[in-house]
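Trainee: Here it is: the structure, laid out below.
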Amino acid sequence: MPKKLRLGVLGGSGDSLIGILHRVASQINDNYEIVAAVFTPDFERNKAFASEIDMPLDRVYSDFDTFVVKEMGLPENERVQVCAILTPNYLHYPMALKLLENGFHVICEKPMTTTLQEAKELQTAHKNAGTVFALTHTYTGYPMVRQMREMIKAGVLGKIHKVDAVYYQGWINTIIHDKDKRASVWRLDPEKAGVSSCMGDIGVHAFNMLEYTTGLKVKSILSDFNYLYNDNPMDIDGTVLVRMGDHVKGVIRASQVATGEENGLAISIYGEKGAFKWQQEDPNFLYLLSDTEPTKIYKPGHAYNSALSLDGTKLPAGHPEGIFDAMANIYKGAAKAIRNQEYNDGEFPTMLDGVRGMDFIEATVASHKGGNVWVDLENQ
């Protein structure tokens, strides 16, 4: 087996959900070893956290620029090969750009940037670099989502005509309703989060899931946002009509004020022959609906599943797997690409998904501000 890839981590310290998700996911398939990091801009906290997770302090750096300079000064067989960017949104672009310009592979949290223009500039830098770029739309890593993608590609549903994606979250609800808290959280600060909160943070996941599973592209959208409080400049709830073709239409619903909800991402795809339904909070069940037969339930680990689904399944049938495993599948696919091994193009979201995500986010904002009008996406 090839040696582990040398991984650098930027952000994700302390009790960060994203931090522990990435660190654990990177270890699951034995493909990576964390060798360098800047977990937080506070150097003392940075070192303290590194000590907590038993990481040597000689490659825990004070800031990102020092990270790049010091790592580039090491022999090629010692320096970091791939970097994971887990920071707030506004740091994704400058960090990813500098990493690509210095020849690093990149695994980046979404949204990829804070503007479509930045995304396009990053796309150019990526083409020039020739390295691997993986965007962590985590939910594409679930085996049953991958099974849905492969079955749709094989024509199981026939012609697609209706899509429906919903992402209702409740954890940030109490923060939004507290004036002081909503004024201090970075997700509601356009300088740090970008032009959108709800659509930029969770609606873009639903958008990505529609394109990932169907293989179709969203061509135009019409959105209606709810801002709730006059002192809040960011959308925290919204509905988006989507057109993926002349006779392929649907809706994306997303909310950060869905009181009592947890992580309610769900997707339904309807075709002429049947329909698929899947929900993130119960991820091991993929439902195939039909007008002529009883509903079928697909589960991970069975021989009837596709090669892509089975490659992302680590345990025998009947043993539940979850979000750590889904993220690990993205890391696994990126490792294959970095090693120039054969891989399925559905194993990890790419730079193009990041560009399309930013196109979607900006289009939803433009549609709402324009008076709830149809806006075309660029459709790269």
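FYI, nothing fancy with the structure tokens labels: chains A, B, ... in order, residues from 1 per chain, ligands from 1 as they appear.
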Need to verify the contact set: A:Arg187, 9 Å, only C-alpha atoms, exclusion of same-chain residues closer than 2 positions in sequence. Can you return it as a ChimeraX atom specification?
Mentor: /A:88-89,182,184-185,189-190,192-194,196-198,201,234
Trainee: Could the residues in this selection be saved with N, CA, C and O atoms as a compact mmCIF listing (two decimals), in the first residue's frame?
Mentor:
```txt
# COMPACT_ATOMS: atom_id res chain seq x y z
N PRO A 88 -13.49 29.83 8.23
CA PRO A 88 -14.66 30.56 7.74
C PRO A 88 -14.53 30.90 6.25
O PRO A 88 -13.42 30.98 5.71
N ASN A 89 -15.67 31.12 5.61
CA ASN A 89 -15.74 31.24 4.15
C ASN A 89 -14.76 32.24 3.53
O ASN A 89 -14.17 31.97 2.47
N ARG A 182 -26.78 37.21 16.98
CA ARG A 182 -26.81 37.24 15.52
C ARG A 182 -25.92 38.34 14.95
O ARG A 182 -25.52 38.29 13.79
N SER A 184 -22.94 38.83 16.11
CA SER A 184 -21.55 38.44 16.35
C SER A 184 -21.13 37.15 15.65
O SER A 184 -19.94 36.89 15.51
N VAL A 185 -22.08 36.32 15.19
CA VAL A 185 -21.72 35.05 14.56
C VAL A 185 -21.27 35.30 13.12
O VAL A 185 -21.87 36.07 12.39
N ASP A 189 -22.44 37.42 8.98
CA ASP A 189 -21.62 38.59 8.66
C ASP A 189 -21.21 38.50 7.19
O ASP A 189 -20.41 37.63 6.82
N PRO A 190 -21.74 39.36 6.32
CA PRO A 190 -21.42 39.27 4.89
C PRO A 190 -19.94 39.44 4.57
O PRO A 190 -19.47 38.96 3.54
N LYS A 192 -17.58 38.01 6.18
CA LYS A 192 -16.92 36.73 6.44
C LYS A 192 -17.61 35.55 5.75
O LYS A 192 -16.97 34.57 5.39
N ALA A 193 -18.93 35.63 5.59
CA ALA A 193 -19.68 34.52 5.02
C ALA A 193 -19.95 34.68 3.53
O ALA A 193 -20.16 33.69 2.84
N GLY A 194 -19.94 35.92 3.03
CA GLY A 194 -20.31 36.16 1.65
C GLY A 194 -21.71 36.75 1.57
O GLY A 194 -22.27 37.20 2.57
N SER A 196 -24.62 35.43 1.16
CA SER A 196 -25.78 34.66 1.62
C SER A 196 -25.43 33.82 2.83
O SER A 196 -24.33 33.27 2.92
N SER A 197 -26.38 33.69 3.74
CA SER A 197 -26.21 32.80 4.88
C SER A 197 -26.90 31.46 4.61
O SER A 197 -26.26 30.44 4.44
N CYS A 198 -28.22 31.46 4.53
CA CYS A 198 -28.96 30.21 4.39
C CYS A 198 -28.64 29.49 3.08
O CYS A 198 -28.27 28.32 3.10
N ASP A 201 -24.87 28.53 2.95
CA ASP A 201 -24.39 27.52 3.89
C ASP A 201 -25.05 26.16 3.68
O ASP A 201 -24.38 25.14 3.63
N MET A 234 -28.49 39.17 6.20
CA MET A 234 -28.31 37.89 5.53
C MET A 234 -29.60 37.06 5.54
O MET A 234 -30.32 37.00 6.54
```
Trainee: What's around A:Pro94 at 12 Å? Count only C-alpha atoms, leave out sequence neighbours fewer than 4 positions away in its own chain, and write the answer as a list in words.
Mentor: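 Contacts, with the query itself left out: Phe64, Asp65, Ile85, Thr87, Pro88, Asn89, Tyr90, Lys98, Leu99, Leu100, Glu101, Cys108, Met112, Thr113, Thr114, Glu118, Ala119, Glu121, Leu122 and Ala125 of chain A.
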Trainee: Would you output that residue set with C-alpha atoms, as a PDB file, in the first residue's frame?
Mentor:
```
ATOM      1  CA  PHE A  64      -0.929  30.628   7.227  1.00  0.00           C
ATOM      2  CA  ASP A  65       1.833  32.557   5.468  1.00  0.00           C
ATOM      3  CA  ILE A  85      -9.090  24.292   4.432  1.00  0.00           C
ATOM      4  CA  THR A  87     -11.755  28.080   7.992  1.00  0.00           C
ATOM      5  CA  PRO A  88     -14.664  30.557   7.738  1.00  0.00           C
ATOM      6  CA  ASN A  89     -15.736  31.238   4.146  1.00  0.00           C
ATOM      7  CA  TYR A  90     -13.819  34.469   3.524  1.00  0.00           C
ATOM      8  CA  LYS A  98      -1.788  30.500  -2.524  1.00  0.00           C
ATOM      9  CA  LEU A  99      -1.761  26.736  -1.977  1.00  0.00           C
ATOM     10  CA  LEU A 100      -2.466  26.024  -5.648  1.00  0.00           C
ATOM     11  CA  GLU A 101       0.188  28.514  -6.760  1.00  0.00           C
ATOM     12  CA  CYS A 108     -11.690  22.662   0.808  1.00  0.00           C
ATOM     13  CA  MET A 112     -15.496  27.391  -2.214  1.00  0.00           C
ATOM     14  CA  THR A 113     -15.259  31.201  -2.195  1.00  0.00           C
ATOM     15  CA  THR A 114     -17.416  34.186  -1.277  1.00  0.00           C
ATOM     16  CA  GLU A 118     -13.200  34.546  -6.979  1.00  0.00           C
ATOM     17  CA  ALA A 119     -14.371  31.051  -7.921  1.00  0.00           C
ATOM     18  CA  GLU A 121     -10.077  33.017 -10.660  1.00  0.00           C
ATOM     19  CA  LEU A 122      -9.483  29.949  -8.503  1.00  0.00           C
ATOM     20  CA  ALA A 125      -5.257  28.882 -10.914  1.00  0.00           C
TER      21      ALA A 125
END
```
Trainee: Could you work out how far atom CA of A:Val204 lies from atom CA of A:Met358, giving the answer in Å with one decimal?
Mentor: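 Atom-to-atom, atom CA of A:Met358 to atom CA of A:Val204, that is 8.3 Å.
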Trainee: Between A:Leu116, A:Ala206, A:Val156, A:Ala254, which is the closest to A:Leu377 once you count only C-alpha atoms?
Mentor: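 Of the candidates, the smallest distance to A:Leu377 is held by A:Leu116.
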Trainee: So, counting only C-alpha atoms, which residue among A:Leu157, A:Met151, A:Ile323, A:Ala96 is closest to A:His137?
Mentor: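 Ranking A:Leu157, A:Met151, A:Ile323, A:Ala96 by distance to A:His137, first place goes to A:Ile323.
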Trainee: Would you mind reading off the distance between atom CA of A:Leu7 and atom CA of A:Tyr212, one decimal, in Å?
Mentor: 26.8 Å
Trainee: Could you tell me, as number ranges by chain, which residues of stretch 123-349 of chain A DSSP assigns to helix (DSSP H, G or I) when given the backbone?
Mentor: A: 123-129, 138-141, 143-153, 173-176, 179-182, 186-188, 190-193, 198-214, 307-311, 323-338
Trainee: Those same residues, written as an mmCIF file, in the first residue's frame with C-alpha atoms?
Mentor:
```
data_model
loop_
_atom_site.group_PDB
_atom_site.id
_atom_site.type_symbol
_atom_site.label_atom_id
_atom_site.label_comp_id
_atom_site.auth_asym_id
_atom_site.auth_seq_id
_atom_site.Cartn_x
_atom_site.Cartn_y
_atom_site.Cartn_z
ATOM 1 C CA GLN A 123 -10.573 27.739 -11.390
ATOM 2 C CA THR A 124 -7.909 29.329 -13.612
ATOM 3 C CA ALA A 125 -5.257 28.882 -10.914
ATOM 4 C CA HIS A 126 -6.272 25.241 -10.535
ATOM 5 C CA LYS A 127 -5.898 24.583 -14.270
ATOM 6 C CA ASN A 128 -2.434 26.146 -14.186
ATOM 7 C CA ALA A 129 -1.423 24.174 -11.081
ATOM 8 C CA THR A 138 -20.056 15.787 2.413
ATOM 9 C CA TYR A 139 -23.418 14.268 1.565
ATOM 10 C CA THR A 140 -22.189 13.055 -1.829
ATOM 11 C CA GLY A 141 -20.099 10.562 0.149
ATOM 12 C CA PRO A 143 -23.211 5.117 -0.226
ATOM 13 C CA MET A 144 -26.965 5.363 -0.895
ATOM 14 C CA VAL A 145 -26.610 8.800 -2.497
ATOM 15 C CA ARG A 146 -23.958 7.288 -4.757
ATOM 16 C CA GLN A 147 -26.264 4.345 -5.444
ATOM 17 C CA MET A 148 -29.016 6.767 -6.467
ATOM 18 C CA ARG A 149 -26.625 8.567 -8.824
ATOM 19 C CA GLU A 150 -25.538 5.339 -10.516
ATOM 20 C CA MET A 151 -29.086 4.003 -10.887
ATOM 21 C CA ILE A 152 -30.333 7.268 -12.377
ATOM 22 C CA LYS A 153 -27.369 7.227 -14.762
ATOM 23 C CA ASN A 173 -32.372 29.236 15.283
ATOM 24 C CA THR A 174 -31.833 30.510 18.850
ATOM 25 C CA ILE A 175 -28.786 32.517 17.727
ATOM 26 C CA ILE A 176 -30.762 34.243 14.983
ATOM 27 C CA LYS A 179 -29.970 40.285 18.678
ATOM 28 C CA ASP A 180 -26.507 40.249 20.265
ATOM 29 C CA LYS A 181 -25.664 36.746 19.101
ATOM 30 C CA ARG A 182 -26.813 37.238 15.517
ATOM 31 C CA TRP A 186 -19.608 34.919 11.380
ATOM 32 C CA ARG A 187 -22.254 33.070 9.342
ATOM 33 C CA LEU A 188 -24.460 36.185 9.488
ATOM 34 C CA PRO A 190 -21.422 39.266 4.890
ATOM 35 C CA GLU A 191 -17.757 40.248 5.247
ATOM 36 C CA LYS A 192 -16.924 36.729 6.436
ATOM 37 C CA ALA A 193 -19.683 34.518 5.024
ATOM 38 C CA CYS A 198 -28.961 30.213 4.387
ATOM 39 C CA MET A 199 -28.472 29.523 0.679
ATOM 40 C CA GLY A 200 -24.692 29.925 0.965
ATOM 41 C CA ASP A 201 -24.394 27.524 3.894
ATOM 42 C CA ILE A 202 -27.056 24.849 3.405
ATOM 43 C CA GLY A 203 -29.110 25.636 0.289
ATOM 44 C CA VAL A 204 -26.019 25.091 -1.829
ATOM 45 C CA HIS A 205 -25.823 21.517 -0.474
ATOM 46 C CA ALA A 206 -29.350 20.859 -1.743
ATOM 47 C CA PHE A 207 -28.433 22.410 -5.110
ATOM 48 C CA ASN A 208 -25.323 20.231 -5.337
ATOM 49 C CA MET A 209 -27.303 17.102 -4.451
ATOM 50 C CA LEU A 210 -29.776 17.716 -7.275
ATOM 51 C CA GLU A 211 -26.998 18.057 -9.838
ATOM 52 C CA TYR A 212 -24.897 15.216 -8.393
ATOM 53 C CA THR A 213 -27.666 12.626 -8.349
ATOM 54 C CA THR A 214 -29.454 13.486 -11.612
ATOM 55 C CA ALA A 307 -19.375 -0.442 -7.543
ATOM 56 C CA LEU A 308 -19.333 3.254 -6.517
ATOM 57 C CA SER A 309 -21.689 2.590 -3.610
ATOM 58 C CA LEU A 310 -19.817 -0.523 -2.472
ATOM 59 C CA ASP A 311 -16.449 1.241 -2.662
ATOM 60 C CA ILE A 323 -21.359 11.316 8.262
ATOM 61 C CA PHE A 324 -17.758 10.538 9.271
ATOM 62 C CA ASP A 325 -17.790 7.738 6.712
ATOM 63 C CA ALA A 326 -19.360 9.984 4.071
ATOM 64 C CA MET A 327 -16.621 12.585 4.511
ATOM 65 C CA ALA A 328 -14.022 9.798 4.571
ATOM 66 C CA ASN A 329 -15.217 8.667 1.136
ATOM 67 C CA ILE A 330 -14.437 12.121 -0.269
ATOM 68 C CA TYR A 331 -10.963 11.999 1.289
ATOM 69 C CA LYS A 332 -10.538 8.487 -0.138
ATOM 70 C CA GLY A 333 -11.453 9.622 -3.653
ATOM 71 C CA ALA A 334 -9.115 12.609 -3.434
ATOM 72 C CA ALA A 335 -6.296 10.283 -2.344
ATOM 73 C CA LYS A 336 -6.857 8.124 -5.431
ATOM 74 C CA ALA A 337 -6.678 11.186 -7.668
ATOM 75 C CA ILE A 338 -3.523 12.495 -5.969
#
```
Trainee: Identify, with DSSP run on backbone atoms, the residues in stretch 29-161 of chain A assigned to strand (DSSP E), and express the list as a PyMOL selection string.
Mentor: chain A and resi 32-38+82-85+105-108+133-135+160-161
Trainee: Could you please take those selected residues and save all heavy atoms as a compact mmCIF listing (two decimals), in the first residue's frame?
Mentor:
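Output file part-v7.txt is given in full below:
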```txt
# COMPACT_ATOMS: atom_id res chain seq x y z
N TYR A 32 -4.06 9.17 5.00
CA TYR A 32 -3.47 10.46 5.33
C TYR A 32 -2.83 10.44 6.72
O TYR A 32 -3.26 9.69 7.60
CB TYR A 32 -4.52 11.58 5.32
CG TYR A 32 -5.22 11.80 4.01
CD1 TYR A 32 -6.33 11.04 3.66
CD2 TYR A 32 -4.78 12.77 3.11
CE1 TYR A 32 -6.98 11.24 2.45
CE2 TYR A 32 -5.43 12.98 1.91
CZ TYR A 32 -6.53 12.21 1.59
OH TYR A 32 -7.18 12.41 0.39
N GLU A 33 -1.85 11.31 6.90
CA GLU A 33 -1.27 11.57 8.21
C GLU A 33 -1.14 13.08 8.37
O GLU A 33 -0.56 13.75 7.51
CB GLU A 33 0.11 10.93 8.33
CG GLU A 33 0.78 11.21 9.67
CD GLU A 33 2.19 10.64 9.75
OE1 GLU A 33 2.70 10.15 8.71
OE2 GLU A 33 2.79 10.72 10.84
N ILE A 34 -1.73 13.62 9.43
CA ILE A 34 -1.63 15.07 9.67
C ILE A 34 -0.23 15.37 10.19
O ILE A 34 0.17 14.90 11.24
CB ILE A 34 -2.69 15.53 10.69
CG1 ILE A 34 -4.09 15.23 10.19
CG2 ILE A 34 -2.53 17.03 10.97
CD1 ILE A 34 -5.20 15.51 11.20
N VAL A 35 0.52 16.18 9.41
CA VAL A 35 1.91 16.46 9.77
C VAL A 35 2.16 17.94 10.05
O VAL A 35 3.21 18.30 10.60
CB VAL A 35 2.87 15.99 8.65
CG1 VAL A 35 2.77 14.48 8.45
CG2 VAL A 35 2.61 16.72 7.33
N ALA A 36 1.21 18.82 9.67
CA ALA A 36 1.41 20.26 9.88
C ALA A 36 0.05 20.93 10.00
O ALA A 36 -0.95 20.42 9.49
CB ALA A 36 2.21 20.86 8.73
N ALA A 37 0.01 22.07 10.68
CA ALA A 37 -1.29 22.71 10.89
C ALA A 37 -1.17 24.15 11.35
O ALA A 37 -0.15 24.56 11.93
CB ALA A 37 -2.10 21.92 11.92
N VAL A 38 -2.23 24.91 11.07
CA VAL A 38 -2.55 26.16 11.75
C VAL A 38 -4.02 26.03 12.12
O VAL A 38 -4.90 26.32 11.33
CB VAL A 38 -2.34 27.40 10.85
CG1 VAL A 38 -2.64 28.67 11.65
CG2 VAL A 38 -0.93 27.45 10.29
N VAL A 82 -0.97 17.71 0.64
CA VAL A 82 -2.35 18.16 0.47
C VAL A 82 -2.80 18.91 1.71
O VAL A 82 -2.45 18.53 2.83
CB VAL A 82 -3.28 16.95 0.17
CG1 VAL A 82 -3.13 15.87 1.22
CG2 VAL A 82 -4.73 17.36 0.05
N CYS A 83 -3.56 19.99 1.51
CA CYS A 83 -4.01 20.82 2.63
C CYS A 83 -5.54 20.83 2.69
O CYS A 83 -6.22 20.96 1.67
CB CYS A 83 -3.53 22.26 2.46
SG CYS A 83 -1.76 22.46 2.61
N ALA A 84 -6.06 20.72 3.91
CA ALA A 84 -7.50 20.82 4.15
C ALA A 84 -7.82 22.20 4.71
O ALA A 84 -7.26 22.60 5.74
CB ALA A 84 -7.95 19.73 5.12
N ILE A 85 -8.69 22.94 4.01
CA ILE A 85 -9.09 24.29 4.43
C ILE A 85 -10.43 24.20 5.15
O ILE A 85 -11.46 23.91 4.54
CB ILE A 85 -9.19 25.24 3.22
CG1 ILE A 85 -7.86 25.29 2.47
CG2 ILE A 85 -9.62 26.63 3.67
CD1 ILE A 85 -7.91 26.12 1.19
N HIS A 105 -1.94 20.06 -3.32
CA HIS A 105 -3.30 19.57 -3.54
C HIS A 105 -4.18 20.20 -2.44
O HIS A 105 -3.69 20.50 -1.35
CB HIS A 105 -3.36 18.05 -3.45
CG HIS A 105 -2.45 17.36 -4.43
ND1 HIS A 105 -2.71 17.30 -5.78
CD2 HIS A 105 -1.28 16.70 -4.24
CE1 HIS A 105 -1.75 16.63 -6.38
NE2 HIS A 105 -0.86 16.25 -5.47
N VAL A 106 -5.48 20.37 -2.74
CA VAL A 106 -6.37 21.07 -1.80
C VAL A 106 -7.67 20.30 -1.58
O VAL A 106 -8.29 19.83 -2.54
CB VAL A 106 -6.70 22.49 -2.30
CG1 VAL A 106 -7.67 23.19 -1.36
CG2 VAL A 106 -5.43 23.33 -2.45
N ILE A 107 -8.07 20.19 -0.32
CA ILE A 107 -9.40 19.71 0.06
C ILE A 107 -10.04 20.87 0.82
O ILE A 107 -9.53 21.30 1.86
CB ILE A 107 -9.32 18.46 0.95
CG1 ILE A 107 -8.68 17.29 0.16
CG2 ILE A 107 -10.70 18.06 1.45
CD1 ILE A 107 -8.38 16.07 1.01
N CYS A 108 -11.15 21.41 0.29
CA CYS A 108 -11.69 22.66 0.81
C CYS A 108 -13.15 22.53 1.23
O CYS A 108 -13.95 21.89 0.54
CB CYS A 108 -11.56 23.74 -0.27
SG CYS A 108 -12.07 25.41 0.26
N PHE A 133 -8.09 19.17 -6.65
CA PHE A 133 -8.90 20.03 -5.78
C PHE A 133 -10.21 19.31 -5.48
O PHE A 133 -10.96 18.98 -6.40
CB PHE A 133 -9.18 21.38 -6.45
CG PHE A 133 -9.86 22.38 -5.55
CD1 PHE A 133 -9.13 23.38 -4.92
CD2 PHE A 133 -11.23 22.32 -5.32
CE1 PHE A 133 -9.75 24.30 -4.09
CE2 PHE A 133 -11.87 23.23 -4.48
CZ PHE A 133 -11.12 24.22 -3.86
N ALA A 134 -10.48 19.05 -4.20
CA ALA A 134 -11.72 18.39 -3.79
C ALA A 134 -12.51 19.33 -2.89
O ALA A 134 -11.96 19.95 -1.98
CB ALA A 134 -11.41 17.10 -3.04
N LEU A 135 -13.80 19.45 -3.17
CA LEU A 135 -14.70 20.30 -2.38
C LEU A 135 -15.58 19.39 -1.53
O LEU A 135 -16.18 18.45 -2.05
CB LEU A 135 -15.55 21.16 -3.32
CG LEU A 135 -16.39 22.24 -2.69
CD1 LEU A 135 -15.51 23.37 -2.14
CD2 LEU A 135 -17.39 22.82 -3.70
N ILE A 160 -36.22 12.22 -16.24
CA ILE A 160 -36.52 12.98 -15.02
C ILE A 160 -37.45 14.14 -15.35
O ILE A 160 -37.28 14.83 -16.36
CB ILE A 160 -35.21 13.54 -14.40
CG1 ILE A 160 -34.21 12.41 -14.13
CG2 ILE A 160 -35.52 14.30 -13.10
CD1 ILE A 160 -34.68 11.35 -13.19
N HIS A 161 -38.44 14.38 -14.47
CA HIS A 161 -39.32 15.53 -14.72
C HIS A 161 -39.58 16.40 -13.50
O HIS A 161 -40.03 17.53 -13.64
CB HIS A 161 -40.65 15.07 -15.34
CG HIS A 161 -41.38 14.01 -14.56
ND1 HIS A 161 -42.05 14.26 -13.39
CD2 HIS A 161 -41.54 12.69 -14.81
CE1 HIS A 161 -42.60 13.15 -12.95
NE2 HIS A 161 -42.30 12.17 -13.77
```
Trainee: Set the distance at 12 Å and use only C-alpha atoms: which residues neighbour A:Asp42 once local chain neighbours fewer than 5 positions away are removed? I'd like the list as JSON, numbers by chain.
Mentor: {"A": [11, 13, 14, 47, 48, 49, 60, 61, 62, 63, 64]}
Trainee: Determine, counting only C-alpha atoms, which protein, DNA and RNA residues have an atom within 7 Å of an atom of stretch 365-375 of chain A; residues of the same chain fewer than 3 positions away are not included. Present the result as a PyMOL selection string.
Mentor: chain A and resi 220-225+361-362
Trainee: Any chance you could export the current selection's all heavy atoms as a JSON list (two decimals), in the first residue's frame?
Mentor:
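File produced: part-v5.json:
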```json
[["chain", "number", "residue", "atom", "x", "y", "z"],
["A", 220, "SER", "N", -31.79, 27.71, -14.62],
["A", 220, "SER", "CA", -32.27, 29.01, -14.13],
["A", 220, "SER", "C", -33.02, 28.82, -12.83],
["A", 220, "SER", "O", -33.51, 27.73, -12.52],
["A", 220, "SER", "CB", -33.16, 29.69, -15.17],
["A", 220, "SER", "OG", -34.26, 28.87, -15.52],
["A", 221, "ILE", "N", -33.11, 29.92, -12.05],
["A", 221, "ILE", "CA", -33.74, 29.84, -10.73],
["A", 221, "ILE", "C", -34.58, 31.09, -10.47],
["A", 221, "ILE", "O", -34.37, 32.15, -11.07],
["A", 221, "ILE", "CB", -32.70, 29.69, -9.60],
["A", 221, "ILE", "CG1", -31.72, 30.88, -9.55],
["A", 221, "ILE", "CG2", -31.92, 28.39, -9.75],
["A", 221, "ILE", "CD1", -32.13, 31.99, -8.63],
["A", 222, "LEU", "N", -35.54, 30.96, -9.55],
["A", 222, "LEU", "CA", -36.30, 32.09, -9.02],
["A", 222, "LEU", "C", -36.38, 31.90, -7.51],
["A", 222, "LEU", "O", -36.80, 30.83, -7.05],
["A", 222, "LEU", "CB", -37.69, 32.15, -9.63],
["A", 222, "LEU", "CG", -38.57, 33.35, -9.23],
["A", 222, "LEU", "CD1", -39.57, 33.68, -10.34],
["A", 222, "LEU", "CD2", -39.34, 33.09, -7.92],
["A", 223, "SER", "N", -35.96, 32.90, -6.76],
["A", 223, "SER", "CA", -35.89, 32.72, -5.30],
["A", 223, "SER", "C", -36.69, 33.76, -4.53],
["A", 223, "SER", "O", -36.92, 34.88, -5.01],
["A", 223, "SER", "CB", -34.43, 32.78, -4.84],
["A", 223, "SER", "OG", -33.87, 34.05, -5.07],
["A", 224, "ASP", "N", -37.09, 33.36, -3.34],
["A", 224, "ASP", "CA", -37.79, 34.25, -2.40],
["A", 224, "ASP", "C", -37.19, 34.01, -1.03],
["A", 224, "ASP", "O", -37.26, 32.90, -0.50],
["A", 224, "ASP", "CB", -39.29, 33.95, -2.41],
["A", 224, "ASP", "CG", -40.07, 34.95, -1.56],
["A", 224, "ASP", "OD1", -39.66, 36.12, -1.49],
["A", 224, "ASP", "OD2", -41.11, 34.55, -0.98],
["A", 225, "PHE", "N", -36.59, 35.05, -0.44],
["A", 225, "PHE", "CA", -35.88, 34.94, 0.83],
["A", 225, "PHE", "C", -36.69, 35.54, 1.97],
["A", 225, "PHE", "O", -37.55, 36.40, 1.78],
["A", 225, "PHE", "CB", -34.54, 35.68, 0.79],
["A", 225, "PHE", "CG", -33.48, 35.01, -0.04],
["A", 225, "PHE", "CD1", -32.31, 35.71, -0.38],
["A", 225, "PHE", "CD2", -33.60, 33.72, -0.49],
["A", 225, "PHE", "CE1", -31.31, 35.11, -1.13],
["A", 225, "PHE", "CE2", -32.62, 33.10, -1.24],
["A", 225, "PHE", "CZ", -31.46, 33.82, -1.57],
["A", 361, "ILE", "N", -25.52, 30.51, -5.65],
["A", 361, "ILE", "CA", -25.71, 31.41, -4.51],
["A", 361, "ILE", "C", -25.96, 32.84, -4.98],
["A", 361, "ILE", "O", -26.91, 33.51, -4.54],
["A", 361, "ILE", "CB", -24.49, 31.34, -3.56],
["A", 361, "ILE", "CG1", -24.41, 29.96, -2.90],
["A", 361, "ILE", "CG2", -24.56, 32.44, -2.50],
["A", 361, "ILE", "CD1", -23.08, 29.68, -2.22],
["A", 362, "GLU", "N", -25.10, 33.34, -5.88],
["A", 362, "GLU", "CA", -25.26, 34.72, -6.34],
["A", 362, "GLU", "C", -26.54, 34.89, -7.14],
["A", 362, "GLU", "O", -27.19, 35.95, -7.08],
["A", 362, "GLU", "CB", -24.04, 35.14, -7.16],
["A", 362, "GLU", "CG", -22.79, 35.30, -6.31],
["A", 362, "GLU", "CD", -21.68, 36.09, -7.00],
["A", 362, "GLU", "OE1", -21.85, 36.46, -8.18],
["A", 362, "GLU", "OE2", -20.66, 36.34, -6.34]]
```
Trainee: Given the choices A:Lys249, A:Lys70, A:Lys110, A:Arg45, which gets closest to A:Gly271 if the distance is worked out from only C-alpha atoms?
Mentor: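 Using only C-alpha atoms, A:Gly271 sits closest to A:Lys249.
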Trainee: What gap, in Å, lies between atom CA of A:Gly318 and atom CA of A:Ala25?
Mentor: 20.9 Å
Trainee: Nearest to A:Ile28: which of A:His247, A:Lys314, A:His177, A:Arg339 is it, counting only C-alpha atoms?
Mentor: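 Among A:His247, A:Lys314, A:His177, A:Arg339, it is A:Lys314 that comes nearest to A:Ile28.
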Trainee: Nearest to A:Phe360 among A:Ile172, A:Ala154, A:Ile20, A:Val242, with distances taken over only C-alpha atoms: which residue is it?
Mentor: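 Using only C-alpha atoms, the shortest distance to A:Phe360 belongs to A:Val242.
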Trainee: Select, from A:Asn226, A:Asn263, A:Asn102, A:Gln256, the residue with the minimum atom-to-atom distance to A:Val69, counting only C-alpha atoms.
Mentor: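 Looking only at the distances to A:Val69, the closest residue turns out to be A:Asn102.
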